[in-house]
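Q: Below you'll find structure-v6.cif; it's mmCIF, C-alpha atoms.
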```cif
data_final
#
loop_
_atom_site.label_atom_id
_atom_site.label_comp_id
_atom_site.auth_asym_id
_atom_site.auth_seq_id
_atom_site.Cartn_x
_atom_site.Cartn_y
_atom_site.Cartn_z
CA MET A 1 0.00 0.00 0.00
CA ARG A 2 1.33 3.44 -0.95
CA VAL A 3 0.10 6.51 0.91
CA GLY A 4 0.67 10.07 -0.25
CA SER A 5 -0.65 13.52 0.55
CA PHE A 6 -3.12 15.45 -1.61
CA VAL A 7 -2.26 19.15 -1.63
CA LEU A 8 -4.75 21.78 -2.76
CA ALA A 9 -2.88 24.85 -1.48
CA ALA A 10 -6.25 25.81 -0.02
CA GLN A 11 -6.78 29.41 1.04
CA PHE A 12 -8.79 29.38 4.25
CA PRO A 13 -10.77 32.47 5.33
CA GLY A 14 -8.49 35.17 6.66
CA GLN A 15 -5.38 33.73 5.00
CA GLY A 16 -3.27 35.14 2.20
CA GLN A 17 -2.45 33.30 -0.98
CA GLY A 18 1.24 33.18 -0.14
CA GLU A 19 0.42 31.51 3.17
CA ALA A 20 -1.53 28.80 1.37
CA LEU A 21 1.28 28.16 -1.10
CA HIS A 22 3.93 28.08 1.63
CA ARG A 23 1.88 25.48 3.50
CA ALA A 24 1.65 23.44 0.29
CA VAL A 25 5.42 23.41 -0.17
CA ARG A 26 6.07 22.55 3.47
CA THR A 27 3.51 19.74 3.31
CA ALA A 28 5.51 18.10 0.53
CA GLU A 29 8.84 18.53 2.31
CA VAL A 30 7.45 17.06 5.53
CA ALA A 31 5.79 14.22 3.58
CA GLU A 32 9.20 13.07 2.38
CA GLU A 33 10.66 13.36 5.88
CA ALA A 34 7.73 11.36 7.29
CA GLY A 35 8.15 8.49 4.83
CA LEU A 36 5.07 9.05 2.68
CA ASP A 37 5.18 7.69 -0.85
CA ALA A 38 4.00 10.70 -2.86
CA VAL A 39 2.49 14.14 -2.97
CA TRP A 40 -0.33 14.93 -5.40
CA LEU A 41 -0.88 18.56 -6.41
CA ALA A 42 -4.20 20.10 -7.38
CA GLU A 43 -4.68 22.88 -9.93
CA HIS A 44 -7.30 25.64 -9.89
CA HIS A 45 -7.71 29.00 -11.57
CA PHE A 46 -9.06 32.27 -10.16
CA VAL A 47 -10.51 30.79 -6.94
CA PRO A 48 -9.32 30.51 -3.32
CA TYR A 49 -10.45 26.85 -3.22
CA GLY A 50 -6.92 26.15 -4.42
CA THR A 51 -4.24 28.76 -5.07
CA CYS A 52 -1.97 26.69 -7.32
CA PRO A 53 -2.73 27.57 -10.99
CA SER A 54 -0.13 25.19 -12.44
CA ALA A 55 0.29 21.84 -10.77
CA ILE A 56 3.12 20.87 -13.09
CA THR A 57 5.07 24.03 -12.22
CA LEU A 58 4.73 23.37 -8.50
CA ALA A 59 5.68 19.74 -9.17
CA ALA A 60 8.93 20.93 -10.75
CA LEU A 61 9.76 22.95 -7.63
CA LEU A 62 9.00 20.05 -5.31
CA LEU A 63 10.92 17.51 -7.38
CA GLY A 64 13.92 19.80 -6.98
CA ARG A 65 13.44 20.03 -3.21
CA THR A 66 12.99 16.30 -2.61
CA ARG A 67 15.05 13.21 -3.38
CA ARG A 68 12.78 10.20 -2.91
CA LEU A 69 9.19 11.41 -3.02
CA ARG A 70 7.03 10.79 -6.08
CA VAL A 71 5.32 14.01 -7.19
CA GLY A 72 2.13 13.95 -9.24
CA THR A 73 -0.47 16.36 -10.55
CA ALA A 74 -4.04 15.78 -9.40
CA VAL A 75 -4.80 17.12 -11.81
CA SER A 76 -3.45 19.16 -14.67
CA VAL A 77 -6.59 20.47 -16.39
CA LEU A 78 -6.19 19.25 -19.95
CA PRO A 79 -8.90 21.33 -21.70
CA THR A 80 -7.12 24.58 -20.77
CA VAL A 81 -3.71 23.66 -22.22
CA HIS A 82 -2.21 22.32 -25.44
CA PRO A 83 -1.50 18.63 -24.85
CA VAL A 84 1.89 18.82 -26.57
CA ALA A 85 2.99 21.66 -24.31
CA LEU A 86 1.91 19.66 -21.26
CA GLY A 87 3.56 16.56 -22.67
CA GLU A 88 6.87 18.36 -23.13
CA GLN A 89 6.78 19.56 -19.52
CA ALA A 90 5.91 16.08 -18.25
CA ALA A 91 8.71 14.51 -20.27
CA LEU A 92 11.18 17.05 -18.92
CA LEU A 93 10.20 16.35 -15.32
CA HIS A 94 10.25 12.59 -15.90
CA VAL A 95 13.78 12.69 -17.27
CA THR A 96 15.31 15.19 -14.86
CA SER A 97 13.75 13.63 -11.73
CA GLY A 98 14.83 10.10 -12.51
CA GLY A 99 11.26 8.95 -13.13
CA ARG A 100 9.64 10.38 -9.96
CA PHE A 101 6.91 12.33 -11.76
CA SER A 102 3.30 11.22 -12.37
CA LEU A 103 1.01 13.18 -14.67
CA GLY A 104 -2.59 13.21 -13.53
CA VAL A 105 -5.01 14.84 -15.98
CA GLY A 106 -8.71 15.66 -15.93
CA ARG A 107 -11.47 17.59 -17.66
CA GLY A 108 -11.91 20.19 -14.95
CA GLY A 109 -15.25 21.97 -15.14
CA PRO A 110 -17.23 24.35 -17.37
CA TRP A 111 -15.53 27.29 -15.73
CA VAL A 112 -14.53 30.72 -16.99
CA ASP A 113 -11.00 29.30 -17.36
CA LEU A 114 -12.06 28.07 -20.81
CA GLU A 115 -12.82 31.64 -21.85
CA VAL A 116 -9.68 33.14 -20.36
CA PHE A 117 -7.35 30.61 -21.98
CA GLY A 118 -9.22 30.71 -25.27
CA THR A 119 -9.89 26.99 -25.56
CA GLY A 120 -13.70 27.28 -25.38
CA LEU A 121 -16.48 25.13 -24.01
CA ASP A 122 -16.03 22.48 -26.71
CA ALA A 123 -12.62 21.64 -25.27
CA TYR A 124 -14.38 20.64 -22.05
CA GLU A 125 -17.52 19.04 -23.49
CA LYS A 126 -16.09 17.20 -26.52
CA GLY A 127 -12.34 17.61 -26.81
CA PHE A 128 -10.96 15.65 -23.85
CA PRO A 129 -10.50 12.28 -25.64
CA GLU A 130 -8.58 13.86 -28.53
CA SER A 131 -6.37 15.84 -26.16
CA LEU A 132 -5.71 12.79 -23.98
CA ASP A 133 -4.76 10.60 -26.95
CA LEU A 134 -2.40 13.23 -28.32
CA LEU A 135 -0.80 13.67 -24.89
CA VAL A 136 -0.23 9.93 -24.43
CA ARG A 137 1.21 9.57 -27.93
CA TRP A 138 3.63 12.40 -27.17
CA LEU A 139 4.85 10.57 -24.08
CA ARG A 140 5.20 7.19 -25.81
CA GLU A 141 6.33 7.78 -29.43
CA PRO A 142 9.54 9.18 -30.99
CA ALA A 143 7.72 11.56 -33.35
CA VAL A 144 4.13 12.80 -33.48
CA SER A 145 1.77 14.42 -35.96
CA ALA A 146 -1.90 15.29 -35.59
CA SER A 147 -4.91 15.49 -37.90
CA GLY A 148 -7.86 15.74 -35.52
CA GLU A 149 -10.74 18.16 -35.04
CA ARG A 150 -8.83 20.39 -32.61
CA PHE A 151 -5.18 19.72 -33.37
CA THR A 152 -3.55 19.47 -36.78
CA PHE A 153 0.19 19.70 -37.36
CA ARG A 154 3.01 18.07 -39.32
CA GLU A 155 5.18 15.39 -37.76
CA VAL A 156 7.72 16.70 -35.26
CA PRO A 157 10.25 14.85 -33.09
CA VAL A 158 9.62 14.42 -29.38
CA VAL A 159 12.40 16.18 -27.46
CA PRO A 160 13.24 15.12 -24.82
CA ARG A 161 11.90 11.66 -25.48
CA PRO A 162 11.03 10.23 -22.06
CA CYS A 163 10.98 6.60 -23.20
CA GLU A 164 14.68 6.63 -24.13
CA ALA A 165 16.12 8.56 -21.23
CA LEU A 166 15.54 6.01 -18.46
CA THR A 167 15.39 2.25 -18.12
CA ASP A 168 11.60 2.59 -17.82
CA ALA A 169 10.62 2.33 -21.47
CA THR A 170 7.08 3.65 -21.03
CA GLY A 171 7.77 7.22 -19.92
CA PRO A 172 5.88 8.94 -17.10
CA GLU A 173 2.68 7.37 -15.91
CA VAL A 174 -0.55 9.09 -16.88
CA VAL A 175 -3.47 8.95 -14.44
CA VAL A 176 -6.99 10.08 -15.39
CA ALA A 177 -9.42 11.69 -12.95
CA CYS A 178 -12.70 9.80 -13.35
CA THR A 179 -16.08 11.00 -12.09
CA SER A 180 -18.52 9.23 -14.44
CA PRO A 181 -18.93 5.93 -16.33
CA ALA A 182 -17.89 7.71 -19.53
CA SER A 183 -14.56 8.83 -18.06
CA VAL A 184 -13.99 5.37 -16.55
CA ARG A 185 -14.45 3.79 -19.99
CA LEU A 186 -12.17 6.36 -21.55
CA ALA A 187 -9.36 5.55 -19.11
CA ALA A 188 -9.92 1.79 -19.29
CA GLU A 189 -9.83 1.61 -23.08
CA ARG A 190 -6.40 3.27 -22.97
CA GLY A 191 -5.16 1.21 -20.04
CA LEU A 192 -4.67 4.29 -17.87
CA PRO A 193 -5.19 4.14 -14.09
CA MET A 194 -7.87 6.26 -12.45
CA LEU A 195 -7.83 8.95 -9.79
CA LEU A 196 -11.10 8.72 -7.85
CA GLY A 197 -12.36 11.72 -5.90
CA MET A 198 -12.70 12.21 -2.18
CA HIS A 199 -16.47 12.77 -2.45
CA VAL A 200 -16.95 9.11 -3.41
CA GLY A 201 -17.27 6.26 -0.90
CA ASP A 202 -15.88 2.74 -1.01
CA GLU A 203 -18.93 1.15 -2.64
CA GLU A 204 -18.98 3.55 -5.57
CA LYS A 205 -15.20 3.36 -5.97
CA ALA A 206 -15.40 -0.45 -6.06
CA GLU A 207 -18.06 -0.19 -8.78
CA MET A 208 -15.87 2.16 -10.81
CA VAL A 209 -12.88 -0.18 -10.50
CA ALA A 210 -15.04 -3.10 -11.61
CA LEU A 211 -16.33 -1.11 -14.59
CA TRP A 212 -12.75 -0.13 -15.49
CA ARG A 213 -11.71 -3.78 -15.50
CA ARG A 214 -14.66 -4.84 -17.68
CA CYS A 215 -14.00 -2.05 -20.18
CA ALA A 216 -10.27 -2.74 -20.22
CA ARG A 217 -10.89 -6.42 -20.98
CA ALA A 218 -13.35 -5.52 -23.73
CA ALA A 219 -10.74 -3.18 -25.22
CA GLY A 220 -8.21 -6.01 -25.40
CA ARG A 221 -6.00 -5.01 -22.49
CA SER A 222 -3.91 -7.88 -21.14
CA PRO A 223 -4.71 -9.57 -17.81
CA GLU A 224 -1.33 -8.42 -16.48
CA GLU A 225 -2.06 -4.81 -17.41
CA ILE A 226 -5.49 -4.96 -15.78
CA ARG A 227 -4.17 -6.52 -12.57
CA GLY A 228 -1.31 -4.05 -12.39
CA ALA A 229 -3.37 -0.87 -12.83
CA ALA A 230 -2.43 1.34 -9.89
CA HIS A 231 -5.57 3.38 -9.31
CA VAL A 232 -5.44 6.23 -6.78
CA SER A 233 -8.09 6.99 -4.16
CA ALA A 234 -8.32 10.58 -2.93
CA GLY A 235 -9.51 11.21 0.60
CA VAL A 236 -9.14 13.27 3.75
CA CYS A 237 -6.96 12.39 6.72
CA GLN A 238 -6.99 14.08 10.11
CA ILE A 239 -5.32 12.38 13.06
CA ALA A 240 -5.95 13.00 16.76
CA ASP A 241 -5.87 11.03 19.99
CA ARG A 242 -9.69 10.95 19.92
CA ARG A 243 -11.92 10.75 16.87
CA THR A 244 -14.12 13.56 18.21
CA ASP A 245 -11.10 15.88 18.27
CA ALA A 246 -10.17 15.07 14.67
CA VAL A 247 -13.72 15.66 13.50
CA GLU A 248 -13.94 18.89 15.46
CA THR A 249 -10.76 20.20 13.80
CA LEU A 250 -12.23 19.69 10.34
CA VAL A 251 -15.73 20.92 11.19
CA LYS A 252 -14.24 24.17 12.51
CA SER A 253 -12.16 24.94 9.42
CA VAL A 254 -13.31 23.09 6.30
CA PRO A 255 -16.85 24.50 5.84
CA GLY A 256 -15.58 28.08 5.70
CA TRP A 257 -12.93 27.13 3.15
CA LEU A 258 -15.46 25.21 1.06
CA LYS A 259 -18.00 28.01 1.05
CA GLN A 260 -15.45 30.67 0.15
CA GLY A 261 -13.75 28.51 -2.45
CA LEU A 262 -16.71 26.91 -4.17
CA ASP A 263 -18.75 30.12 -4.25
CA ALA A 264 -15.97 31.74 -6.28
CA HIS A 265 -16.33 29.38 -9.26
CA VAL A 266 -17.90 31.06 -12.31
CA THR A 267 -19.31 29.07 -15.23
CA VAL A 268 -18.27 30.07 -18.72
CA ASP A 269 -21.80 29.97 -20.12
CA GLY A 270 -23.87 31.07 -17.12
CA ARG A 271 -25.32 27.61 -16.48
CA ALA A 272 -26.89 27.00 -13.09
CA ARG A 273 -24.78 25.34 -10.43
CA SER A 274 -25.81 23.06 -7.61
CA MET A 275 -23.76 23.70 -4.48
CA ARG A 276 -23.11 21.22 -1.69
CA ASP A 277 -23.89 22.34 1.84
CA PRO A 278 -20.38 22.96 3.27
CA LEU A 279 -21.06 21.56 6.75
CA ALA A 280 -22.91 18.49 5.47
CA TYR A 281 -20.12 17.83 2.97
CA THR A 282 -17.48 18.13 5.71
CA GLU A 283 -19.38 15.65 7.85
CA LEU A 284 -19.66 13.30 4.86
CA LEU A 285 -15.89 13.45 4.33
CA CYS A 286 -15.29 12.70 8.01
CA GLY A 287 -17.46 9.60 7.68
CA LEU A 288 -15.88 8.33 4.47
CA HIS A 289 -12.19 8.76 5.23
CA PRO A 290 -9.46 8.19 7.83
CA VAL A 291 -10.40 10.82 10.41
CA GLY A 292 -9.67 9.86 14.02
CA THR A 293 -7.07 7.96 15.99
CA PRO A 294 -4.01 6.49 14.23
CA ARG A 295 -5.39 2.96 14.59
CA LEU A 296 -8.77 3.99 13.22
CA CYS A 297 -7.10 5.72 10.27
CA ALA A 298 -5.01 2.66 9.47
CA ASP A 299 -8.05 0.39 9.69
CA ARG A 300 -10.04 2.75 7.46
CA LEU A 301 -7.36 2.76 4.76
CA ALA A 302 -7.00 -1.01 4.94
CA ALA A 303 -10.76 -1.46 4.65
CA THR A 304 -10.97 0.83 1.62
CA SER A 305 -8.15 -1.08 -0.04
CA GLU A 306 -9.82 -4.43 0.67
CA ARG A 307 -13.22 -3.29 -0.61
CA THR A 308 -12.00 -1.53 -3.74
CA GLY A 309 -8.72 -3.19 -4.68
CA ILE A 310 -7.05 0.24 -4.66
CA THR A 311 -3.59 0.37 -3.09
CA ARG A 312 -2.59 4.02 -3.63
CA PHE A 313 -4.00 6.90 -1.61
CA ALA A 314 -3.80 10.69 -1.93
CA LEU A 315 -4.92 12.14 1.39
CA LEU A 316 -5.81 15.76 2.05
CA VAL A 317 -3.88 16.58 5.21
CA GLU A 318 -4.25 20.39 5.32
CA GLY A 319 -7.86 20.42 6.54
CA SER A 320 -7.00 22.29 9.71
CA GLY A 321 -5.84 25.24 7.63
CA ASP A 322 -2.92 25.72 10.01
CA LEU A 323 0.71 25.15 9.02
CA ALA A 324 1.94 23.71 12.31
CA ALA A 325 -1.10 21.46 12.66
CA THR A 326 -0.70 20.27 9.06
CA GLU A 327 2.95 19.39 9.64
CA GLU A 328 2.01 17.47 12.79
CA ASN A 329 -0.76 15.66 10.90
CA VAL A 330 1.67 14.54 8.19
CA ARG A 331 4.28 13.40 10.71
CA ARG A 332 1.70 11.37 12.64
CA LEU A 333 0.49 9.82 9.39
CA GLY A 334 4.02 8.65 8.69
CA ALA A 335 4.97 7.61 12.22
CA GLU A 336 1.70 6.24 13.64
CA VAL A 337 -0.43 5.09 10.67
CA LEU A 338 1.92 3.78 7.99
CA PRO A 339 3.53 1.14 10.26
CA HIS A 340 0.13 -0.54 10.65
CA LEU A 341 -0.34 -0.82 6.89
CA GLY A 342 2.71 -2.85 5.91
#
```
Take the structure in the file and give it back as structure tokens.
A:
Amino acid sequence: MRVGSFVLAAQFPGQGQGEALHRAVRTAEVAEEAGLDAVWLAEHHFVPYGTCPSAITLAALLLGRTRRLRVGTAVSVLPTVHPVALGEQAALLHVTSGGRFSLGVGRGGPWVDLEVFGTGLDAYEKGFPESLDLLVRWLREPAVSASGERFTFREVPVVPRPCEALTDATGPEVVVACTSPASVRLAAERGLPMLLGMHVGDEEKAEMVALWRRCARAAGRSPEEIRGAAHVSAGVCQIADRRTDAVETLVKSVPGWLKQGLDAHVTVDGRARSMRDPLAYTELLCGLHPVGTPRLCADRLAATSERTGITRFALLVEGSGDLAATEENVRRLGAEVLPHLG
């Protein structure tokens, strides 16, 4: 089982953006010190929900500051960038980090980002499969051309070519954020592992893994490839000597962050949005994920792994909103939870 932290660089009420980003960087540094496997970096634009606008840029910084930790994006929003530009950055980080980089990609949402970056709503609603295929080809082939609906260009060489630079002949792993049966099928047909969100419980995650396996088999993926797919489960982790104290920490801080952050999202086309109740959502997260004593947290992770078959976790550890408390949470995760997991 491999446990990592999930870093949003969340801006809590009353905090500055620099404070949120500093906490994000320190979380990664402490994660390596504490023995965690990875850090996964979120990406958001124009909202305090997350103050990191380029997960791959922050990944570059953290790869330079660490020596063992795997660093991944969770996720780079593919509809707002050119897939070749993202592929070049991913290849560069793969080569220069010795293979410690994972590229997580997703569709994002129908936000004003699409207007600002000039990609348009079609990039979100229809263009994700074409962008994903072009990105994967860039990371796997020596030269690439394109003749699709969105991207058309002559053949150009891939430089640097990630498949040749290291003994790993496949280049950096690509993980796809999946929130619907359509996205699960998309990932499965390409043999790409999934990142499953923290709003989803074990039962639904198990169903998505089962659907992925069925679709992968139907697409002709080998049994070895299907068994070896390293899906990632996102969640929340808050450790305390009593479960009530861990829950209280999150209930005090998370609803205010959620309300401020989610309220700031603006749709590109003015469509209506349905908003979760921040307190109810916080309580849901506390019920779904490892929130409580170290032993409870270890048992919760083990149970999720047993029920879903997922062995990689990306855990949001900054829910207190406080730097010192976040560092303590990460250290306790490494020292008091990981030893129980084997």
Q: Excluding Ala9 in chain A and any residue of its chain fewer than 6 positions from it, enumerate the residues within 12 Å of it, using all atoms listed in the file, and give them as a PyMOL selection string.
A: chain A and resi 15-28+40-45+47-55+58+257+261+316-319+321-323+326
Q: Which residues are near Leu338 in chain A? Cut-off 10 Å, only C-alpha atoms, ignore same chain within fewer than 4 positions. Put them as a list in words.
A: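 Selected residues are Met1, Arg2, Val3, Ala34, Gly35, Leu36, Pro294, Arg295, Cys297, Ala298, Leu301, Arg332, Leu333, Gly334 and Gly342 of chain A.
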Q: Using all atoms listed in the file, which residue out of A:Leu296, A:Ala182, A:Val159, A:Ala324 lies closest to Phe128 in chain A?
A: A:Ala182
Q: Which value, in Å to one decimal, gives the distance between CA of Glu130 in chain A and CA of Pro83 in chain A?
A: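 Pair CA of Glu130 in chain A / CA of Pro83 in chain A returns 9.3 Å.
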Q: For range 235-248 of chain A, what centre and edge lengths in Å (one decimal) does the axis-aligned box get once 8 Å is added on each side of all its listed atoms, as JSON?
A:
```
{"center_x": -9.7, "center_y": 14.8, "center_z": 10.3, "size_x": 24.8, "size_y": 24.1, "size_z": 35.4}
```
Q: When you count only C-alpha atoms, which of these residues is closest to Ser222 in chain A: A:Glu203, A:Pro142, A:Ala188, A:Pro339?
A: A:Ala188
Q: Which one is closest to Ala218 in chain A: A:Arg190, A:His231, A:Arg243, A:Arg276? Count only C-alpha atoms.
A: A:Arg190
Q: Apply the PyMOL selection byres ((chain A and resi 107-111) around 12) to the structure shown and report the selected residues as a PDB file with C-alpha atoms, in the frame of the given file.
A:
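Once everything was written out, this is expr_13.pdb:
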```pdb
ATOM      1  CA  ALA A  42      -4.200  20.100  -7.380  1.00  0.00           C
ATOM      2  CA  GLU A  43      -4.680  22.880  -9.930  1.00  0.00           C
ATOM      3  CA  HIS A  44      -7.300  25.640  -9.890  1.00  0.00           C
ATOM      4  CA  HIS A  45      -7.710  29.000 -11.570  1.00  0.00           C
ATOM      5  CA  PHE A  46      -9.060  32.270 -10.160  1.00  0.00           C
ATOM      6  CA  VAL A  47     -10.510  30.790  -6.940  1.00  0.00           C
ATOM      7  CA  ALA A  74      -4.040  15.780  -9.400  1.00  0.00           C
ATOM      8  CA  VAL A  75      -4.800  17.120 -11.810  1.00  0.00           C
ATOM      9  CA  SER A  76      -3.450  19.160 -14.670  1.00  0.00           C
ATOM     10  CA  VAL A  77      -6.590  20.470 -16.390  1.00  0.00           C
ATOM     11  CA  LEU A  78      -6.190  19.250 -19.950  1.00  0.00           C
ATOM     12  CA  PRO A  79      -8.900  21.330 -21.700  1.00  0.00           C
ATOM     13  CA  THR A  80      -7.120  24.580 -20.770  1.00  0.00           C
ATOM     14  CA  VAL A  81      -3.710  23.660 -22.220  1.00  0.00           C
ATOM     15  CA  GLY A 104      -2.590  13.210 -13.530  1.00  0.00           C
ATOM     16  CA  VAL A 105      -5.010  14.840 -15.980  1.00  0.00           C
ATOM     17  CA  GLY A 106      -8.710  15.660 -15.930  1.00  0.00           C
ATOM     18  CA  VAL A 112     -14.530  30.720 -16.990  1.00  0.00           C
ATOM     19  CA  ASP A 113     -11.000  29.300 -17.360  1.00  0.00           C
ATOM     20  CA  LEU A 114     -12.060  28.070 -20.810  1.00  0.00           C
ATOM     21  CA  GLU A 115     -12.820  31.640 -21.850  1.00  0.00           C
ATOM     22  CA  VAL A 116      -9.680  33.140 -20.360  1.00  0.00           C
ATOM     23  CA  PHE A 117      -7.350  30.610 -21.980  1.00  0.00           C
ATOM     24  CA  GLY A 118      -9.220  30.710 -25.270  1.00  0.00           C
ATOM     25  CA  THR A 119      -9.890  26.990 -25.560  1.00  0.00           C
ATOM     26  CA  GLY A 120     -13.700  27.280 -25.380  1.00  0.00           C
ATOM     27  CA  LEU A 121     -16.480  25.130 -24.010  1.00  0.00           C
ATOM     28  CA  ASP A 122     -16.030  22.480 -26.710  1.00  0.00           C
ATOM     29  CA  ALA A 123     -12.620  21.640 -25.270  1.00  0.00           C
ATOM     30  CA  TYR A 124     -14.380  20.640 -22.050  1.00  0.00           C
ATOM     31  CA  GLU A 125     -17.520  19.040 -23.490  1.00  0.00           C
ATOM     32  CA  LYS A 126     -16.090  17.200 -26.520  1.00  0.00           C
ATOM     33  CA  GLY A 127     -12.340  17.610 -26.810  1.00  0.00           C
ATOM     34  CA  PHE A 128     -10.960  15.650 -23.850  1.00  0.00           C
ATOM     35  CA  PRO A 129     -10.500  12.280 -25.640  1.00  0.00           C
ATOM     36  CA  GLU A 130      -8.580  13.860 -28.530  1.00  0.00           C
ATOM     37  CA  SER A 131      -6.370  15.840 -26.160  1.00  0.00           C
ATOM     38  CA  LEU A 132      -5.710  12.790 -23.980  1.00  0.00           C
ATOM     39  CA  VAL A 176      -6.990  10.080 -15.390  1.00  0.00           C
ATOM     40  CA  ALA A 177      -9.420  11.690 -12.950  1.00  0.00           C
ATOM     41  CA  CYS A 178     -12.700   9.800 -13.350  1.00  0.00           C
ATOM     42  CA  THR A 179     -16.080  11.000 -12.090  1.00  0.00           C
ATOM     43  CA  SER A 180     -18.520   9.230 -14.440  1.00  0.00           C
ATOM     44  CA  ALA A 182     -17.890   7.710 -19.530  1.00  0.00           C
ATOM     45  CA  SER A 183     -14.560   8.830 -18.060  1.00  0.00           C
ATOM     46  CA  LEU A 186     -12.170   6.360 -21.550  1.00  0.00           C
ATOM     47  CA  LEU A 262     -16.710  26.910  -4.170  1.00  0.00           C
ATOM     48  CA  ALA A 264     -15.970  31.740  -6.280  1.00  0.00           C
ATOM     49  CA  HIS A 265     -16.330  29.380  -9.260  1.00  0.00           C
ATOM     50  CA  VAL A 266     -17.900  31.060 -12.310  1.00  0.00           C
ATOM     51  CA  THR A 267     -19.310  29.070 -15.230  1.00  0.00           C
ATOM     52  CA  VAL A 268     -18.270  30.070 -18.720  1.00  0.00           C
ATOM     53  CA  ASP A 269     -21.800  29.970 -20.120  1.00  0.00           C
ATOM     54  CA  GLY A 270     -23.870  31.070 -17.120  1.00  0.00           C
ATOM     55  CA  ARG A 271     -25.320  27.610 -16.480  1.00  0.00           C
ATOM     56  CA  ALA A 272     -26.890  27.000 -13.090  1.00  0.00           C
ATOM     57  CA  ARG A 273     -24.780  25.340 -10.430  1.00  0.00           C
TER      58      ARG A 273
END
```
Q: Near Ala240 in chain A, within 9 Å and counting only C-alpha atoms, which residues show up once chain neighbours fewer than 5 positions away are dropped, as a ChimeraX atom specification?
A: /A:245-247,291-294,329,332
Q: So how far away is CA of Glu32 in chain A from CA of Leu62 in chain A, in Å?
A: 10.4 Å
Q: Under the rule that all atoms listed in the file are counted, which of A:Trp212, A:Phe101, A:Phe151, A:Phe313 is the nearest residue to Thr57 in chain A?
A: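 Counting all atoms listed in the file, the residue closest to Thr57 in chain A is A:Phe101.
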Q: To one decimal in Å, tell me the separation between CA of Ala230 in chain A and CA of Glu141 in chain A.
A: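 Answer for the CA of Ala230 in chain A to CA of Glu141 in chain A separation: 22.4 Å.
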Q: Can you find the residues with an atom no farther than 8 Å from (3.3, 16.0, -5.2), counting all atoms listed in the file, and report them as a list in words?
A: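 The residues near that point, listed by chain and number, are Ser5, Phe6, Val7, Ala28, Ala38, Val39, Trp40, Leu41, Ala59, Leu62, Leu69, Arg70, Val71, Gly72 and Thr73 of chain A.
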Q: Atoms to include: C-alpha atoms. Write the selected residues as a compact mmCIF listing (two decimals), keeping the file's coordinate frame.
A:
```txt
# COMPACT_ATOMS: atom_id res chain seq x y z
CA SER A 5 -0.65 13.52 0.55
CA PHE A 6 -3.12 15.45 -1.61
CA VAL A 7 -2.26 19.15 -1.63
CA ALA A 28 5.51 18.10 0.53
CA ALA A 38 4.00 10.70 -2.86
CA VAL A 39 2.49 14.14 -2.97
CA TRP A 40 -0.33 14.93 -5.40
CA LEU A 41 -0.88 18.56 -6.41
CA ALA A 59 5.68 19.74 -9.17
CA LEU A 62 9.00 20.05 -5.31
CA LEU A 69 9.19 11.41 -3.02
CA ARG A 70 7.03 10.79 -6.08
CA VAL A 71 5.32 14.01 -7.19
CA GLY A 72 2.13 13.95 -9.24
CA THR A 73 -0.47 16.36 -10.55
```
Q: Which one of A:Gly309, A:Pro278, A:Gly228, A:Gly220 sits closest to Asp202 in chain A if you count all atoms listed in the file?
A: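 The answer is A:Gly309, which sits nearest to Asp202 in chain A.
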Q: Evaluated on this file, the PyMOL selection byres ((chain A and resi 211) around 12) picks out some residues - which ones are they, written as a ChimeraX atom specification?
A: /A:178,180-189,194,204-210,212-218,226,308
Q: Pick out the closest residue to Ala31 in chain A from this set: A:Val254, A:Thr66, A:Phe153, A:Ala60. Count all atoms listed in the file.
A: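 Smallest distance to Ala31 in chain A is found for A:Thr66.
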